[in-house]
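Report on the structure given below.
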Amino acid sequence: MVQTLSQIKALLDAHGLRPKHRFGQNFLHDARKMEAIIESANINAGDLVLEVGPGTGALTTRLLAAGAKVAMVEIDTDLAPILQMVCGEHAGQASLLLDDILEGKHAINPKAIALLEQMGLGTTHDSFKLIANLPYHVASPLLVNLVVDHPRMSGAVVMVQKEVAQRLMAKPGGKDYGQLGIIIQMLCHVEGVSTLPPGCFWPPPSIDSMVVSLTRRQQPLVEDAHRMSELLQKLFQQRRKQLGSILGRDRAFPEGISPQQRPEQLTLEQFVELARWQS
Ligand code: SAM
């Protein structure tokens with residue numbers, strides 16, 4: 001059953017609940033935006049989906065109707081009865097883990113991966129998609145972790161705060177261009193799907209949000225993403241400095257890269273060149 005705003009409110013009321021700010025609970029109720037997420041996720045029957053933060057299950061029910069098998073990971077145990085009902089109505093197609101999707105700041109909770117494996121994620125040939133209206137505070141670490149450390153994630157369609165979306169899509173030269181967008185773009189193609197003003201959510205957040213789609217590149221631009229991240233961190237900690245001041249001027253830079261350039265001016269391919277030159 002598709003959930004409208006009054007149904008989302010009624011479900012919470014029936015369990016004596018209110019949206020929790022600490023868990024980033026801004027429930028998406030705009031049906032057209034929800035459909036746009038489903039459409040751009042390009043779901044085929046039987047596709048395995050990781051949904052982080054299903055809330056009351058408004059997006060989940062649409063994913064299930066599209067034929068996906070959905071592994072839900074929800075931190076708020078108070079939502080258990082609502083989500084267990086969704087699982088009950090879709091036995092074999094939906095499973096629930098009540099836990100934090102992140103283990104510390106730098107890893108995905110292994111129980112979430114185990115749940116995906118129970119639902120059919122097997123060898124390296126199998127894959128899953130991340131489709132979620134993400135809580136703002138977990139979006140960046142979650143995306144970096146999944147993209148860098150979980151190559152079985154073939155792609156994602158996620159709602160994030162607009163500022164994070166701009167960093168994910170940023171091109172050289174702008175203020176948004178930095179470590180987050182560069183490492184993700186080296187491994188995935190990133191596209192904006194649509195902008196969501198605060199009125200699409202209840203309660204409305206104070207900022208705009210955006211849906212972005214990530215599709216894993218068939219040929220990643222970088223093999224060792226961890227080493228690349230270390231280099232990017234070193235460079236972007238001092239983004240206004242010239243490359244020569246950060247990396248030294250005692251040997252010639254690779255062709256096409258000048259020691260006078262600043263990190264934010266380099267293309268993805270030039271960062272790859274620079275990493276090779278450093279090793
Ligand atoms: N999917 C619903 C929707 O589309 O309206 C709710 C999205 S709401 C923006 C974010 C959801 O993520 C909430 O249900 C919240 O409890 C959950 N959440 C917050 N932090 C989380 C975490 N670290 N791990 C898993 N779920 C989390």
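Each chain in the structure tokens gets a letter, A, B, ..., in the order shown, and its residues are numbered from 1; ligands are numbered from 1 in order too.
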
Please identify all protein, DNA and RNA residues within 6 Å of ligand 1, counting only C-alpha atoms and all ligand atoms, and report them as a list in words.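 Written in the requested form, the residues are Phe23, Gly24, Gln25, Asn26, Phe27, Leu28, Val52, Gly53, Pro54, Gly55, Ala58, Leu59, Val73, Glu74, Ile75, Asp76, Asp100, Ile101, Leu102, Asn133, Leu134 and Pro135 of chain A.
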
Mind the document's chain letters and residue numbers, and return as number ranges by chain the residues of stretch 43-261 of chain A that DSSP labels strand (DSSP E or B). A: 48-52, 69-74, 94-98, 102-103, 107-108, 128-133, 153-161, 188-196, 201-202, 209-216

Same residues, C-alpha atoms, output as an mmCIF file, in the first residue's frame:
data_model
loop_
_atom_site.group_PDB
_atom_site.id
_atom_site.type_symbol
_atom_site.label_atom_id
_atom_site.label_comp_id
_atom_site.auth_asym_id
_atom_site.auth_seq_id
_atom_site.Cartn_x
_atom_site.Cartn_y
_atom_site.Cartn_z
ATOM 1 C CA LEU A 48 18.322 -6.674 -4.433
ATOM 2 C CA VAL A 49 18.014 -3.278 -2.751
ATOM 3 C CA LEU A 50 19.553 -1.961 0.458
ATOM 4 C CA GLU A 51 17.280 0.676 1.963
ATOM 5 C CA VAL A 52 18.880 2.623 4.790
ATOM 6 C CA LYS A 69 13.826 -7.585 -2.735
ATOM 7 C CA VAL A 70 14.470 -5.060 0.021
ATOM 8 C CA ALA A 71 16.915 -5.284 2.932
ATOM 9 C CA MET A 72 15.891 -2.512 5.348
ATOM 10 C CA VAL A 73 18.291 -1.185 7.971
ATOM 11 C CA GLU A 74 16.631 1.110 10.496
ATOM 12 C CA ALA A 94 11.574 -7.862 2.576
ATOM 13 C CA SER A 95 13.845 -8.225 5.615
ATOM 14 C CA LEU A 96 14.611 -5.905 8.469
ATOM 15 C CA LEU A 97 17.717 -5.166 10.548
ATOM 16 C CA LEU A 98 17.144 -2.822 13.476
ATOM 17 C CA LEU A 102 27.483 2.406 10.210
ATOM 18 C CA GLU A 103 29.941 0.632 12.462
ATOM 19 C CA ALA A 107 32.708 0.929 8.071
ATOM 20 C CA ILE A 108 29.358 -0.474 7.087
ATOM 21 C CA PHE A 128 22.778 -4.766 -4.952
ATOM 22 C CA LYS A 129 21.607 -1.167 -5.233
ATOM 23 C CA LEU A 130 21.338 1.379 -2.468
ATOM 24 C CA ILE A 131 18.031 3.226 -2.696
ATOM 25 C CA ALA A 132 17.188 5.498 0.199
ATOM 26 C CA ASN A 133 16.011 8.781 1.540
ATOM 27 C CA MET A 153 27.058 -2.223 -4.838
ATOM 28 C CA SER A 154 26.374 -1.559 -8.521
ATOM 29 C CA GLY A 155 24.751 1.813 -8.004
ATOM 30 C CA ALA A 156 22.607 4.035 -5.852
ATOM 31 C CA VAL A 157 19.708 6.438 -6.004
ATOM 32 C CA VAL A 158 19.713 8.498 -2.855
ATOM 33 C CA MET A 159 18.192 11.619 -1.393
ATOM 34 C CA VAL A 160 20.836 13.753 0.289
ATOM 35 C CA GLN A 161 21.094 17.371 1.372
ATOM 36 C CA CYS A 188 31.003 5.991 -10.260
ATOM 37 C CA HIS A 189 29.168 8.162 -12.759
ATOM 38 C CA VAL A 190 27.137 10.687 -10.761
ATOM 39 C CA GLU A 191 23.975 12.445 -11.992
ATOM 40 C CA GLY A 192 21.438 14.763 -10.383
ATOM 41 C CA VAL A 193 17.859 13.450 -10.578
ATOM 42 C CA SER A 194 15.735 16.174 -8.960
ATOM 43 C CA THR A 195 15.692 18.869 -6.296
ATOM 44 C CA LEU A 196 13.355 18.488 -3.331
ATOM 45 C CA PHE A 201 8.940 16.324 3.699
ATOM 46 C CA TRP A 202 7.201 16.156 7.041
ATOM 47 C CA SER A 209 17.516 18.220 -0.640
ATOM 48 C CA MET A 210 18.409 16.511 -3.866
ATOM 49 C CA VAL A 211 18.152 13.036 -5.345
ATOM 50 C CA VAL A 212 21.345 11.827 -7.026
ATOM 51 C CA SER A 213 22.073 8.672 -8.923
ATOM 52 C CA LEU A 214 25.410 6.828 -8.829
ATOM 53 C CA THR A 215 26.301 4.138 -11.370
ATOM 54 C CA ARG A 216 29.500 2.206 -10.816
#

Counting only C-alpha atoms, figure out which residue out of A:Gly88, A:Pro203, A:Gly173, A:Gly248 gets nearest to A:Arg18.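 The shortest atom-to-atom distance to A:Arg18 comes from A:Pro203.
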
As a check of understanding: the span from atom CA of A:Val138 to atom CA of A:Pro204 is 18.5 Å

Taking only C-alpha atoms into account, which of A:Leu274, A:Val144, A:Ile257, A:Leu5 comes nearest A:Lys105?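 Checking each of A:Leu274, A:Val144, A:Ile257, A:Leu5 against A:Lys105, counting only C-alpha atoms, the winner is A:Val144.
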
Cut-off 12 Å: closest stretch 165-221 of chain A/stretch 260-264 of chain A atom pairs per residue, using only C-alpha atoms, as a tab-separated table:
residue	atom	partner	partner_atom	distance
A:Ala170	CA	A:Glu264	CA	10.4
A:Lys171	CA	A:Glu264	CA	9.0
A:Pro172	CA	A:Glu264	CA	5.9
A:Gly173	CA	A:Glu264	CA	5.5
A:Gly174	CA	A:Glu264	CA	7.3
A:Lys175	CA	A:Glu264	CA	7.9
A:Asp176	CA	A:Glu264	CA	9.1
A:Tyr177	CA	A:Glu264	CA	6.3
A:Gly178	CA	A:Glu264	CA	6.9
A:Gln179	CA	A:Glu264	CA	9.7
A:Gly181	CA	A:Glu264	CA	11.4
A:Ile182	CA	A:Glu264	CA	10.1

Mind dumping the selected residues with C-alpha atoms as a CSV table (one decimal), in the first residue's frame?
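Wrote result00.csv, looks like this:
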chain,number,residue,atom,x,y,z
A,170,ALA,CA,31.3,19.0,-8.5
A,171,LYS,CA,33.6,19.7,-11.4
A,172,PRO,CA,37.2,21.1,-11.2
A,173,GLY,CA,37.5,24.8,-10.3
A,174,GLY,CA,34.5,25.2,-8.1
A,175,LYS,CA,34.3,25.6,-4.3
A,176,ASP,CA,32.4,22.3,-4.0
A,177,TYR,CA,35.1,20.2,-5.7
A,178,GLY,CA,37.0,18.1,-3.2
A,179,GLN,CA,37.8,14.8,-1.7
A,181,GLY,CA,33.2,14.1,-5.1
A,182,ILE,CA,36.5,13.2,-6.5

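Counting only C-alpha atoms and comparing A:Pro19, A:Asn44, A:Gly256, A:Pro197, the residue that lies closest to A:Lys162 is A:Pro197.
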
If we count only C-alpha atoms and set the cut-off at 9 Å, which residues sit around A:Asp30, ignoring sequence neighbours fewer than 4 positions away in its own chain? Please answer as a list in words. Thr4, Leu5, Met34, Glu35, Gly199, Cys200 and Phe201 of chain A

Which of these, A:Val164, A:Leu180, A:Leu232, A:Ala252, has the shortest distance to A:Ile207 once you count only C-alpha atoms?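 Looking at the shortest contact to A:Ile207, the residue is A:Val164.
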
Assign secondary structure with DSSP using the backbone only, and return the residues of stretch 165-231 of chain A in helix (DSSP H, G or I) as a ChimeraX atom specification. /A:165-169,179-187,198-200,225-231

Between atom CA of A:Gln278 and atom CA of A:Asn145 lies a distance of 24.5 Å

List the spatial neighbours of A:Met85 as a ChimeraX atom specification - criterion: any atom at most 12 Å away, only C-alpha atoms, same-chain residues fewer than 2 positions off excluded. /A:1,11,56-57,60-61,79-83,87-91,94-96

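When the distance limit is 12 Å and only C-alpha atoms are what count, the residues near A:Thr123, minus those fewer than 6 positions from it on the same chain, are Leu116, Glu117, Pro151 and Arg152 of chain A.
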
Can those selected residues be exported to a file as an mmCIF file, in the first residue's frame so that it contains C-alpha atoms?
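And here is the file that came out, selection.cif:
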data_model
loop_
_atom_site.group_PDB
_atom_site.id
_atom_site.type_symbol
_atom_site.label_atom_id
_atom_site.label_comp_id
_atom_site.auth_asym_id
_atom_site.auth_seq_id
_atom_site.Cartn_x
_atom_site.Cartn_y
_atom_site.Cartn_z
ATOM 1 C CA LEU A 116 22.025 -8.839 1.979
ATOM 2 C CA GLU A 117 23.894 -12.158 1.697
ATOM 3 C CA PRO A 151 32.199 -3.239 -5.049
ATOM 4 C CA ARG A 152 29.099 -5.448 -5.126
#

What gap, in Å, lies between atom CA of A:Gln233 and atom CA of A:Ser245?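 Separation between atom CA of A:Gln233 and atom CA of A:Ser245: 15.0 Å.
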